[in-house]
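> Pasting in a structure now, in structure tokens, and then I'll have a few things to ask.
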Amino acid sequence: MQEIINAIEESAIKIKHLIETGDTGKSESENSTGDTQLKLDIQSDEIIEAIFKKIPSIKSIVSEEQDEIKNINPNGKYLIAYDPLDGSSLVDVNLSVGSIFGIYENEFNAKNIVASVYVVFGPRVEMVVTTDDVKMYRLLDGKFKFIQNINLNEKGKLNAPGSTQNCWAPFHKQLIDDIFADGYRLRYSGGMVPDLHQILLKGGGLFSYPGTSDRPKGKLRQLFEVFPFALAYEKAGGDAIDGYKRVLEVETSHIHDTTPCFFGSKVEISRVLEVYKNNV
Ligand code: FDP
């Protein structure tokens with residue numbers, strides 16, 4: 001596992017340089033989910049793939065930017081699903097973005113996730129590694145240094161509601177309105193990595209990306225985005241659900257499947273469950 005973490009550190013240093021100097025324009029192509037790929041998406045993907053290909057313990061990789069799983073080492077132990085540059089459309093306005101990695105064994109599905117890593121590229125570069133606990137590192141003088149363990153409080157103060165309000169179900173809108181009415185503050189940049197990182201570091205709250213009228217299964221991808229953060233939230237003492245159950249119990253039938261998702265501290269997630277159970 002350590003060689004994978006080292007590889008992610010190496011890729012993060014290269015991607016930081018790419019973000020700082022690269023072209024933020026669109027490419028000619030779309031990814032499997034139908035998003036127009038930016039040149040930065042493709043270049044970040046190439047950086048990570050080239051580094052992962054040198055790691056003997058990696059059996060297979062699959063990127064959000066690609067259609068298929070790539071088998072690298074038949075004797076490798078780990079399978080890695082990654083989103084090379086999540087929120088890449090925010091680079092041109094100089095907001096934070098991130099890379100997300102889900103590390104699996106045997107098969108790409110929630111039951112088999114054994115670790116996750118995300119890197120936040122903001123004013124600082126930080127890497128959060130989840131195994132049995134959640135550890136944050138910061139890039140200082142060219143090296144990642146351990147800063148702190150991350151633990152969520154029982155209840156937080158932030159609310160990050162995703163998607164477009166006119167596509168929300170009425171009961172979901174009511175839930176979000178009620179949370180704000182109770183004094184929660186809006187924190188939503190449109191980048192999943194910094195938005196979830198903020199809630200983790202500020203002690204708690206709720207991030208939601210529900211099923212909507214235009215996307216009944218939500219927008220966020222299970223293997224590349226939802227499961228890696230679900231592991232981090234659970235190990236930090238919070239929860240991650242699809243409205244009804246743990247997202248780490250959601251089945252995957254295709255590598256690019258999406259799922260509605262809610263990440264937060266215990267109190268906020270119980271509140272979501274309470275509302276959703278009456279609205280199946
Ligand atoms: P993006 O499409 O810019 O890559 O991964 C998808 C994502 O960003 C997340 O980072 C973010 O949380 C979400 O989309 C934002 O979607 P909405 O604008 O629909 O809320």
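By convention here, the chains of the structure tokens are called A, B, ... in the order presented, each chain's residues are numbered starting at 1, and ligands are numbered starting at 1 in the order presented.
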Residues of chain A that approach ligand 1 to 7 Å or less, counting only C-alpha atoms and all ligand atoms: could you list each one with the shortest pair of atoms and its distance in Å to one decimal, rows by chain and increasing residue number, as JSON lines?


{"residue": "A:Asp86", "atom": "CA", "partner": "ligand 1", "partner_atom_place_in_ligand_line": "4 (O)", "distance": 4.6}
{"residue": "A:Gly87", "atom": "CA", "partner": "ligand 1", "partner_atom_place_in_ligand_line": "4 (O)", "distance": 3.6}
{"residue": "A:Ser88", "atom": "CA", "partner": "ligand 1", "partner_atom_place_in_ligand_line": "4 (O)", "distance": 5.7}
{"residue": "A:Ser89", "atom": "CA", "partner": "ligand 1", "partner_atom_place_in_ligand_line": "3 (O)", "distance": 5.3}
{"residue": "A:Leu90", "atom": "CA", "partner": "ligand 1", "partner_atom_place_in_ligand_line": "3 (O)", "distance": 6.7}
{"residue": "A:Gly162", "atom": "CA", "partner": "ligand 1", "partner_atom_place_in_ligand_line": "20 (O)", "distance": 4.0}
{"residue": "A:Ser163", "atom": "CA", "partner": "ligand 1", "partner_atom_place_in_ligand_line": "20 (O)", "distance": 3.6}
{"residue": "A:Thr164", "atom": "CA", "partner": "ligand 1", "partner_atom_place_in_ligand_line": "19 (O)", "distance": 6.2}
{"residue": "A:Gly190", "atom": "CA", "partner": "ligand 1", "partner_atom_place_in_ligand_line": "15 (C)", "distance": 4.4}
{"residue": "A:Gly191", "atom": "CA", "partner": "ligand 1", "partner_atom_place_in_ligand_line": "10 (O)", "distance": 3.8}
{"residue": "A:Met192", "atom": "CA", "partner": "ligand 1", "partner_atom_place_in_ligand_line": "12 (O)", "distance": 3.5}
{"residue": "A:Val193", "atom": "CA", "partner": "ligand 1", "partner_atom_place_in_ligand_line": "10 (O)", "distance": 6.3}
{"residue": "A:Lys219", "atom": "CA", "partner": "ligand 1", "partner_atom_place_in_ligand_line": "6 (C)", "distance": 6.8}
{"residue": "A:Leu220", "atom": "CA", "partner": "ligand 1", "partner_atom_place_in_ligand_line": "5 (O)", "distance": 5.7}

> Residues within 7 Å of A:Ser44, please, as a list in words. Count only C-alpha atoms; anything in the same chain fewer than 4 positions from it doesn't count.

Ile15, Leu40, Ile48, Pro84 and Leu85 of chain A

> When DSSP works through the backbone of this structure, what residues of stretch 156-208 of chain A end up as helix (DSSP H, G or I), shown as a list in words?

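Selecting the helix (DSSP H, G or I) positions of stretch 156-208 of chain A gives Gln165, Asn166, Cys167, Pro170, Phe171, His172, Lys173, Gln174, Leu175, Ile176, Asp177, Asp178, Ile179, Phe180, Ala181, Met192, Val193, Pro194, Asp195, Leu196, His197, Gln198, Ile199, Leu200 and Leu201 of chain A.
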
> Take the residues just selected and output them with N, CA, C and O atoms as an mmCIF file, in the first residue's frame.


data_model
loop_
_atom_site.group_PDB
_atom_site.id
_atom_site.type_symbol
_atom_site.label_atom_id
_atom_site.label_comp_id
_atom_site.auth_asym_id
_atom_site.auth_seq_id
_atom_site.Cartn_x
_atom_site.Cartn_y
_atom_site.Cartn_z
ATOM 1 N N GLN A 165 -31.806 23.316 -7.755
ATOM 2 C CA GLN A 165 -32.985 23.251 -6.880
ATOM 3 C C GLN A 165 -34.265 22.887 -7.625
ATOM 4 O O GLN A 165 -35.108 22.184 -7.085
ATOM 5 N N ASN A 166 -34.418 23.360 -8.864
ATOM 6 C CA ASN A 166 -35.686 23.048 -9.536
ATOM 7 C C ASN A 166 -35.760 21.598 -10.010
ATOM 8 O O ASN A 166 -36.774 21.168 -10.546
ATOM 9 N N CYS A 167 -34.704 20.830 -9.782
ATOM 10 C CA CYS A 167 -34.745 19.383 -10.080
ATOM 11 C C CYS A 167 -34.878 18.555 -8.800
ATOM 12 O O CYS A 167 -34.912 17.327 -8.852
ATOM 13 N N PRO A 170 -39.758 17.636 -3.875
ATOM 14 C CA PRO A 170 -40.243 18.578 -2.849
ATOM 15 C C PRO A 170 -39.796 18.203 -1.437
ATOM 16 O O PRO A 170 -39.426 19.082 -0.653
ATOM 17 N N PHE A 171 -39.780 16.909 -1.101
ATOM 18 C CA PHE A 171 -39.369 16.532 0.269
ATOM 19 C C PHE A 171 -37.887 16.817 0.497
ATOM 20 O O PHE A 171 -37.458 17.156 1.605
ATOM 21 N N HIS A 172 -37.074 16.711 -0.562
ATOM 22 C CA HIS A 172 -35.642 17.018 -0.418
ATOM 23 C C HIS A 172 -35.462 18.530 -0.206
ATOM 24 O O HIS A 172 -34.700 18.955 0.657
ATOM 25 N N LYS A 173 -36.223 19.293 -0.961
ATOM 26 C CA LYS A 173 -36.139 20.764 -0.798
ATOM 27 C C LYS A 173 -36.550 21.157 0.621
ATOM 28 O O LYS A 173 -35.891 22.000 1.258
ATOM 29 N N GLN A 174 -37.593 20.514 1.118
ATOM 30 C CA GLN A 174 -38.052 20.817 2.481
ATOM 31 C C GLN A 174 -36.961 20.497 3.509
ATOM 32 O O GLN A 174 -36.704 21.261 4.436
ATOM 33 N N LEU A 175 -36.301 19.336 3.304
ATOM 34 C CA LEU A 175 -35.215 18.930 4.212
ATOM 35 C C LEU A 175 -34.096 19.981 4.229
ATOM 36 O O LEU A 175 -33.624 20.403 5.288
ATOM 37 N N ILE A 176 -33.687 20.407 3.040
ATOM 38 C CA ILE A 176 -32.593 21.387 2.958
ATOM 39 C C ILE A 176 -33.028 22.719 3.574
ATOM 40 O O ILE A 176 -32.273 23.352 4.336
ATOM 41 N N ASP A 177 -34.267 23.143 3.285
ATOM 42 C CA ASP A 177 -34.779 24.397 3.877
ATOM 43 C C ASP A 177 -34.794 24.301 5.397
ATOM 44 O O ASP A 177 -34.404 25.242 6.097
ATOM 45 N N ASP A 178 -35.224 23.152 5.919
ATOM 46 C CA ASP A 178 -35.303 22.982 7.381
ATOM 47 C C ASP A 178 -33.906 23.045 8.012
ATOM 48 O O ASP A 178 -33.731 23.596 9.097
ATOM 49 N N ILE A 179 -32.932 22.460 7.315
ATOM 50 C CA ILE A 179 -31.562 22.471 7.845
ATOM 51 C C ILE A 179 -31.050 23.926 7.913
ATOM 52 O O ILE A 179 -30.505 24.358 8.924
ATOM 53 N N PHE A 180 -31.299 24.680 6.852
ATOM 54 C CA PHE A 180 -30.887 26.102 6.889
ATOM 55 C C PHE A 180 -31.654 26.858 7.978
ATOM 56 O O PHE A 180 -31.086 27.695 8.677
ATOM 57 N N ALA A 181 -32.934 26.535 8.119
ATOM 58 C CA ALA A 181 -33.749 27.240 9.132
ATOM 59 C C ALA A 181 -33.202 26.979 10.532
ATOM 60 O O ALA A 181 -33.397 27.784 11.448
ATOM 61 N N MET A 192 -16.419 18.763 -5.450
ATOM 62 C CA MET A 192 -16.705 17.777 -4.412
ATOM 63 C C MET A 192 -15.560 17.638 -3.403
ATOM 64 O O MET A 192 -15.781 17.501 -2.203
ATOM 65 N N VAL A 193 -14.334 17.652 -3.918
ATOM 66 C CA VAL A 193 -13.191 17.412 -3.027
ATOM 67 C C VAL A 193 -13.058 18.528 -1.980
ATOM 68 O O VAL A 193 -13.089 18.261 -0.783
ATOM 69 N N PRO A 194 -12.963 19.810 -2.397
ATOM 70 C CA PRO A 194 -12.858 20.844 -1.354
ATOM 71 C C PRO A 194 -14.112 20.944 -0.501
ATOM 72 O O PRO A 194 -14.020 21.244 0.692
ATOM 73 N N ASP A 195 -15.295 20.701 -1.074
ATOM 74 C CA ASP A 195 -16.524 20.808 -0.274
ATOM 75 C C ASP A 195 -16.567 19.731 0.809
ATOM 76 O O ASP A 195 -16.931 19.998 1.955
ATOM 77 N N LEU A 196 -16.190 18.519 0.468
ATOM 78 C CA LEU A 196 -16.192 17.448 1.477
ATOM 79 C C LEU A 196 -15.018 17.589 2.453
ATOM 80 O O LEU A 196 -15.141 17.256 3.628
ATOM 81 N N HIS A 197 -13.913 18.087 1.961
ATOM 82 C CA HIS A 197 -12.738 18.320 2.814
ATOM 83 C C HIS A 197 -13.078 19.387 3.868
ATOM 84 O O HIS A 197 -12.727 19.247 5.041
ATOM 85 N N GLN A 198 -13.784 20.427 3.438
ATOM 86 C CA GLN A 198 -14.154 21.495 4.375
ATOM 87 C C GLN A 198 -15.021 20.940 5.519
ATOM 88 O O GLN A 198 -14.782 21.232 6.686
ATOM 89 N N ILE A 199 -16.004 20.128 5.171
ATOM 90 C CA ILE A 199 -16.888 19.582 6.216
ATOM 91 C C ILE A 199 -16.091 18.673 7.160
ATOM 92 O O ILE A 199 -16.256 18.729 8.380
ATOM 93 N N LEU A 200 -15.187 17.886 6.598
ATOM 94 C CA LEU A 200 -14.366 17.010 7.456
ATOM 95 C C LEU A 200 -13.513 17.826 8.424
ATOM 96 O O LEU A 200 -13.397 17.503 9.598
ATOM 97 N N LEU A 201 -12.917 18.896 7.927
ATOM 98 C CA LEU A 201 -11.993 19.660 8.778
ATOM 99 C C LEU A 201 -12.683 20.634 9.719
ATOM 100 O O LEU A 201 -12.132 20.973 10.765
#

> Give me, as a PyMOL selection string, all polymer residues having an atom no more than 9 Å from A:Glu251, counting only C-alpha atoms and skipping those fewer than 5 positions away in the same chain.

chain A and resi 109-111

> Just to be explicit: take each residue in the selection above, keep N, CA and C atoms, and write the result as a compact mmCIF listing (two decimals), in the first residue's frame.


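The file below, selection_0.txt, is the result:
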# COMPACT_ATOMS: atom_id res chain seq x y z
N ASN A 109 -16.03 -2.88 -6.40
CA ASN A 109 -17.35 -2.61 -5.83
C ASN A 109 -17.19 -2.18 -4.37
N ALA A 110 -18.28 -1.66 -3.80
CA ALA A 110 -18.20 -1.03 -2.47
C ALA A 110 -17.67 -1.99 -1.41
N LYS A 111 -18.09 -3.24 -1.49
CA LYS A 111 -17.68 -4.23 -0.47
C LYS A 111 -16.17 -4.41 -0.42

> Please compute the atom CA of A:Ile113-atom CA of A:Gly204 distance, one decimal, in Å.

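Distance reported for this atom pair: 23.2 Å.
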
> Taking only C-alpha atoms into account, name the residue in A:Pro228, A:Gly203, A:Gly211, A:Gly264 that is nearest to A:Val119.

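Closest to A:Val119, using only C-alpha atoms: A:Pro228.
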
> Quick one: contact table of stretch 3-112 of chain A to stretch 132-154 of chain A, 10 Å max, nearest atom pair and distance in Å to one decimal per residue, counting only C-alpha atoms, chain and number order, as JSON lines?


{"residue": "A:Asn6", "atom": "CA", "partner": "A:Phe144", "partner_atom": "CA", "distance": 9.5}
{"residue": "A:Glu9", "atom": "CA", "partner": "A:Phe144", "partner_atom": "CA", "distance": 7.3}
{"residue": "A:Glu10", "atom": "CA", "partner": "A:Lys143", "partner_atom": "CA", "distance": 9.4}
{"residue": "A:Ala12", "atom": "CA", "partner": "A:Leu139", "partner_atom": "CA", "distance": 9.3}
{"residue": "A:Ile13", "atom": "CA", "partner": "A:Gly142", "partner_atom": "CA", "distance": 7.7}

> Residues of the last selection are to be written out with all heavy atoms, as a compact mmCIF listing (two decimals), in the first residue's frame.


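Output file part.txt is given in full below:
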# COMPACT_ATOMS: atom_id res chain seq x y z
N ASN A 6 2.92 6.53 -2.17
CA ASN A 6 4.06 7.27 -2.74
C ASN A 6 3.80 7.68 -4.19
O ASN A 6 4.15 8.78 -4.62
CB ASN A 6 5.34 6.43 -2.68
CG ASN A 6 5.77 6.13 -1.26
OD1 ASN A 6 5.28 6.75 -0.32
ND2 ASN A 6 6.65 5.15 -1.09
N GLU A 9 1.51 10.60 -4.26
CA GLU A 9 2.26 11.82 -3.91
C GLU A 9 3.01 12.35 -5.14
O GLU A 9 3.00 13.54 -5.43
CB GLU A 9 3.25 11.54 -2.77
CG GLU A 9 2.56 11.27 -1.45
CD GLU A 9 3.55 10.98 -0.33
OE1 GLU A 9 4.76 10.87 -0.59
OE2 GLU A 9 3.09 10.85 0.82
N GLU A 10 3.66 11.41 -5.85
CA GLU A 10 4.42 11.81 -7.04
C GLU A 10 3.48 12.44 -8.08
O GLU A 10 3.80 13.48 -8.67
CB GLU A 10 5.11 10.54 -7.62
CG GLU A 10 6.05 10.81 -8.75
CD GLU A 10 6.61 9.51 -9.36
OE1 GLU A 10 6.59 8.43 -8.69
OE2 GLU A 10 7.04 9.58 -10.53
N ALA A 12 0.63 13.89 -7.51
CA ALA A 12 0.09 15.17 -7.01
C ALA A 12 1.06 16.32 -7.28
O ALA A 12 0.63 17.42 -7.64
CB ALA A 12 -0.20 15.05 -5.51
N ILE A 13 2.33 16.05 -7.13
CA ILE A 13 3.32 17.12 -7.36
C ILE A 13 3.31 17.52 -8.84
O ILE A 13 3.36 18.70 -9.19
CB ILE A 13 4.71 16.66 -6.86
CG1 ILE A 13 4.67 16.59 -5.32
CG2 ILE A 13 5.82 17.60 -7.34
CD1 ILE A 13 5.83 15.87 -4.67

> Give me the residues near A:Lys70 as a CSV table (one decimal) with N, CA, C and O atoms, in the first residue's frame, where near means some atom within 10 Å (using only C-alpha atoms) and where sequence neighbours in that chain fewer than 5 positions away do not count.


chain,number,residue,atom,x,y,z
A,49,GLU,N,-1.7,7.6,-14.8
A,49,GLU,CA,-1.6,6.3,-15.5
A,49,GLU,C,-0.1,5.9,-15.6
A,49,GLU,O,0.3,4.8,-15.3
A,53,LYS,N,1.5,2.7,-13.7
A,53,LYS,CA,2.0,1.5,-14.5
A,53,LYS,C,3.3,1.0,-14.0
A,53,LYS,O,3.7,-0.1,-14.3
A,59,LYS,N,-2.9,-4.2,-9.7
A,59,LYS,CA,-3.3,-5.2,-10.7
A,59,LYS,C,-4.0,-4.5,-11.9
A,59,LYS,O,-3.7,-4.7,-13.1
A,60,SER,N,-5.0,-3.6,-11.6
A,60,SER,CA,-5.8,-2.9,-12.6
A,60,SER,C,-6.1,-1.5,-12.2
A,60,SER,O,-6.2,-1.2,-11.0
A,61,ILE,N,-6.3,-0.7,-13.2
A,61,ILE,CA,-6.8,0.7,-12.9
A,61,ILE,C,-8.0,1.0,-13.8
A,61,ILE,O,-8.1,0.5,-14.9
A,62,VAL,N,-8.8,2.0,-13.3
A,62,VAL,CA,-9.8,2.5,-14.2
A,62,VAL,C,-10.0,4.0,-13.8
A,62,VAL,O,-10.0,4.3,-12.6
A,63,SER,N,-10.1,4.8,-14.8
A,63,SER,CA,-10.1,6.2,-14.6
A,63,SER,C,-11.5,6.7,-15.0
A,63,SER,O,-12.1,6.2,-16.0
A,79,LEU,N,-6.7,-2.9,-7.0
A,79,LEU,CA,-7.4,-2.3,-8.1
A,79,LEU,C,-7.7,-0.8,-7.8
A,79,LEU,O,-8.2,-0.6,-6.7
A,80,ILE,N,-7.4,0.1,-8.6
A,80,ILE,CA,-7.5,1.5,-8.3
A,80,ILE,C,-8.5,2.2,-9.3
A,80,ILE,O,-8.3,2.1,-10.5

> I want to know what sits within 9 Å of A:Glu28, based on only C-alpha atoms, with residues of the same chain fewer than 2 positions away left out; could you give that as number ranges by chain?

A: 26, 30, 36-39

> From the set A:Thr259, A:Ser265, A:Asn71, A:Thr212, which residue has the shortest atom-to-atom contact distance to A:Glu225, counting only C-alpha atoms?

A:Thr259

> Identify which of the residues A:Ser32, A:Ser96, A:Ser208, A:Asn159 lies closest to A:Val120, counting only C-alpha atoms when measuring atom-to-atom distances.

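Checking each candidate against A:Val120, we get A:Ser96 as the closest.
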
> Restricting the calculation to only C-alpha atoms: of A:Ala50, A:Val125, A:Ala115, A:Ala81, which residue gets closest to A:Lys16?

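Ranking A:Ala50, A:Val125, A:Ala115, A:Ala81 by distance to A:Lys16, first place goes to A:Val125.
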
> Just the strand (DSSP E or B) stuff from stretch 63-151 of chain A, please, per backbone DSSP, written as JSON, numbers by chain.

{"A": [63, 70, 71, 78, 79, 80, 81, 82, 83, 84, 85, 86, 97, 98, 99, 100, 101, 102, 103, 104, 105, 113, 114, 115, 116, 117, 118, 119, 120, 121, 125, 126, 127, 128, 129, 130, 134, 135, 136, 137, 138, 139, 140, 143, 144, 145, 146, 147, 148, 149]}

> Residues as selected, C-alpha atoms, written as a PDB file, in the first residue's frame, can you do that?


ATOM      1  CA  SER A  63     -10.143   6.233 -14.602  1.00  0.00           C
ATOM      2  CA  LYS A  70      -6.834  -1.455 -17.778  1.00  0.00           C
ATOM      3  CA  ASN A  71      -5.038  -4.517 -16.478  1.00  0.00           C
ATOM      4  CA  TYR A  78      -4.896  -3.777  -5.732  1.00  0.00           C
ATOM      5  CA  LEU A  79      -7.396  -2.282  -8.145  1.00  0.00           C
ATOM      6  CA  ILE A  80      -7.545   1.494  -8.280  1.00  0.00           C
ATOM      7  CA  ALA A  81     -10.430   3.635  -9.533  1.00  0.00           C
ATOM      8  CA  TYR A  82      -9.590   7.307  -9.779  1.00  0.00           C
ATOM      9  CA  ASP A  83     -10.890  10.678 -10.820  1.00  0.00           C
ATOM     10  CA  PRO A  84      -7.706  12.453 -11.937  1.00  0.00           C
ATOM     11  CA  LEU A  85      -8.955  16.047 -11.636  1.00  0.00           C
ATOM     12  CA  ASP A  86     -12.393  16.380 -10.095  1.00  0.00           C
ATOM     13  CA  VAL A  97      -9.988  21.063  -7.197  1.00  0.00           C
ATOM     14  CA  GLY A  98      -8.865  17.545  -6.350  1.00  0.00           C
ATOM     15  CA  SER A  99      -7.856  14.024  -7.317  1.00  0.00           C
ATOM     16  CA  ILE A 100      -9.724  11.049  -5.791  1.00  0.00           C
ATOM     17  CA  PHE A 101      -8.533   7.432  -5.560  1.00  0.00           C
ATOM     18  CA  GLY A 102     -10.502   4.363  -4.425  1.00  0.00           C
ATOM     19  CA  ILE A 103      -8.292   1.350  -3.676  1.00  0.00           C
ATOM     20  CA  TYR A 104     -10.074  -2.000  -4.020  1.00  0.00           C
ATOM     21  CA  GLU A 105      -9.207  -5.696  -3.794  1.00  0.00           C
ATOM     22  CA  ILE A 113     -12.841  -0.926  -0.998  1.00  0.00           C
ATOM     23  CA  VAL A 114      -9.883  -1.167   1.391  1.00  0.00           C
ATOM     24  CA  ALA A 115      -8.492   2.359   1.348  1.00  0.00           C
ATOM     25  CA  SER A 116      -8.985   5.724  -0.256  1.00  0.00           C
ATOM     26  CA  VAL A 117      -6.932   8.815  -0.893  1.00  0.00           C
ATOM     27  CA  TYR A 118      -7.837  12.284  -2.042  1.00  0.00           C
ATOM     28  CA  VAL A 119      -5.653  15.267  -2.801  1.00  0.00           C
ATOM     29  CA  VAL A 120      -6.943  18.842  -2.538  1.00  0.00           C
ATOM     30  CA  PHE A 121      -5.251  21.421  -4.749  1.00  0.00           C
ATOM     31  CA  VAL A 125      -1.871  20.932  -1.414  1.00  0.00           C
ATOM     32  CA  GLU A 126      -3.223  18.420   1.107  1.00  0.00           C
ATOM     33  CA  MET A 127      -3.581  14.659   0.883  1.00  0.00           C
ATOM     34  CA  VAL A 128      -5.998  12.644   3.018  1.00  0.00           C
ATOM     35  CA  VAL A 129      -5.394   8.909   3.355  1.00  0.00           C
ATOM     36  CA  THR A 130      -8.087   6.614   4.764  1.00  0.00           C
ATOM     37  CA  VAL A 134      -8.139   9.218   8.375  1.00  0.00           C
ATOM     38  CA  LYS A 135      -4.810  11.009   8.146  1.00  0.00           C
ATOM     39  CA  MET A 136      -4.069  14.361   6.568  1.00  0.00           C
ATOM     40  CA  TYR A 137      -0.718  15.324   5.046  1.00  0.00           C
ATOM     41  CA  ARG A 138       0.407  18.648   3.569  1.00  0.00           C
ATOM     42  CA  LEU A 139       2.917  19.340   0.813  1.00  0.00           C
ATOM     43  CA  LEU A 140       5.713  21.338   2.445  1.00  0.00           C
ATOM     44  CA  LYS A 143       7.351  16.503   0.575  1.00  0.00           C
ATOM     45  CA  PHE A 144       4.090  15.397   2.153  1.00  0.00           C
ATOM     46  CA  LYS A 145       4.265  15.797   5.938  1.00  0.00           C
ATOM     47  CA  PHE A 146       1.775  14.339   8.413  1.00  0.00           C
ATOM     48  CA  ILE A 147      -0.397  17.090   9.936  1.00  0.00           C
ATOM     49  CA  GLN A 148      -3.279  15.486  11.848  1.00  0.00           C
ATOM     50  CA  ASN A 149      -5.861  12.765  12.127  1.00  0.00           C
TER      51      ASN A 149
END

> Nearest to A:Phe207 among A:Cys261, A:Ala230, A:Ile47, A:Ala169, with distances taken over only C-alpha atoms: which residue is it?

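Looking only at the distances to A:Phe207, the closest residue turns out to be A:Cys261.
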